[in-house]
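Student: Quick one: this structure, given as structure tokens, is what I'll be asking you about.
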Amino acid sequence: MKGTEHFKQVIKNYLDQRAQEDELFRAKHETTQRTIDDVVTFILNEVKKSGCCGYSDEEIFSLAVHAIDEPSLEIGKPIDCNVVVNHHIELTEEEKAQQKAIALKRFQEEELRKIQQRNSRPKVSKPQENKQNQPSLFDFCAQ
């Protein structure tokens with residue numbers, strides 16, 4: 001799931017949960033004509049106007065609630081951008097095992113590649129010297 005789609009899902013989940021917990025908000029949430037895309041567009045336009053790059057979850061969620069609470073708000077034009085969501089995603093045990101197997105396979109392939117690369121290098125050998133032409137120290141002593 002792309003960041004922006006994940007962002008929409010996080011906002012939608014928050015608004016749905018808030019509607020379950022808050023009866024006054026539930027009435028507005030159920031009767032609003034605004035879609036989740038409208039709410040996200042409002043949030044993105046407000047963020048752009050402010051000029052800031054980082055927000056806490058509470059700040060973004062309050063903008064989402066504000067977009068639902070105030071039906072007369074100007075939503076603004078859609079903005080083409082990507083949103084980064086800082087939420088930890090819990091994996092199931094099966095997904096963890098699958099990701100572990102993928103990581104192990106990648107590690108093994110990388111190590112194999114390193115070994116093959118090391119073995120494929122030509123070995124540098126020292127040129128053999130012709131010892132017959134070179135006199136040894138013993139040759140001088142014998143004379």
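Labeling convention for the structure tokens: chains A, B, ... as they appear, residues from 1 per chain, ligands from 1 in order of appearance.
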Just asking: which residues within chain A are alpha helix (DSSP H) according to DSSP, as a ChimeraX atom specification?

Tutor: /A:3-21,23-31,36-50,57-69,93-120,137-142

Student: I want to know what sits within 10 Å of range 5-16 of chain A, based on only C-alpha atoms, with residues of the same chain fewer than 5 positions away left out; could you give that as a PyMOL selection string?

Tutor: chain A and resi 21+25-26+29-30+35-37+39-40+57+60-62+64-65+68+82-87

Student: Env of Gly76 in chain A: 7 Å cut, atoms = only C-alpha atoms, seq-sep filter 6 positions within chain, self excluded. Answer as a list in words.

Tutor: Thr41, Phe42 and Asn45 of chain A

Student: To one decimal place, how far is CA of Leu73 in chain A from CA of Ala27 in chain A in Å?

Tutor: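 Computing the Euclidean distance for CA of Leu73 in chain A and CA of Ala27 in chain A yields 17.7 Å.
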
Student: Measure the distance from CA of Pro78 in chain A to CA of Lys48 in chain A in Å and round it to one decimal.

Tutor: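 So the two atoms, CA of Pro78 in chain A and CA of Lys48 in chain A, lie 11.5 Å apart.
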
Student: Just give me the gap between CA of Thr32 in chain A and CA of Pro71 in chain A in Å, one decimal is fine.

Tutor: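 One can read the CA of Thr32 in chain A to CA of Pro71 in chain A distance as 7.3 Å.
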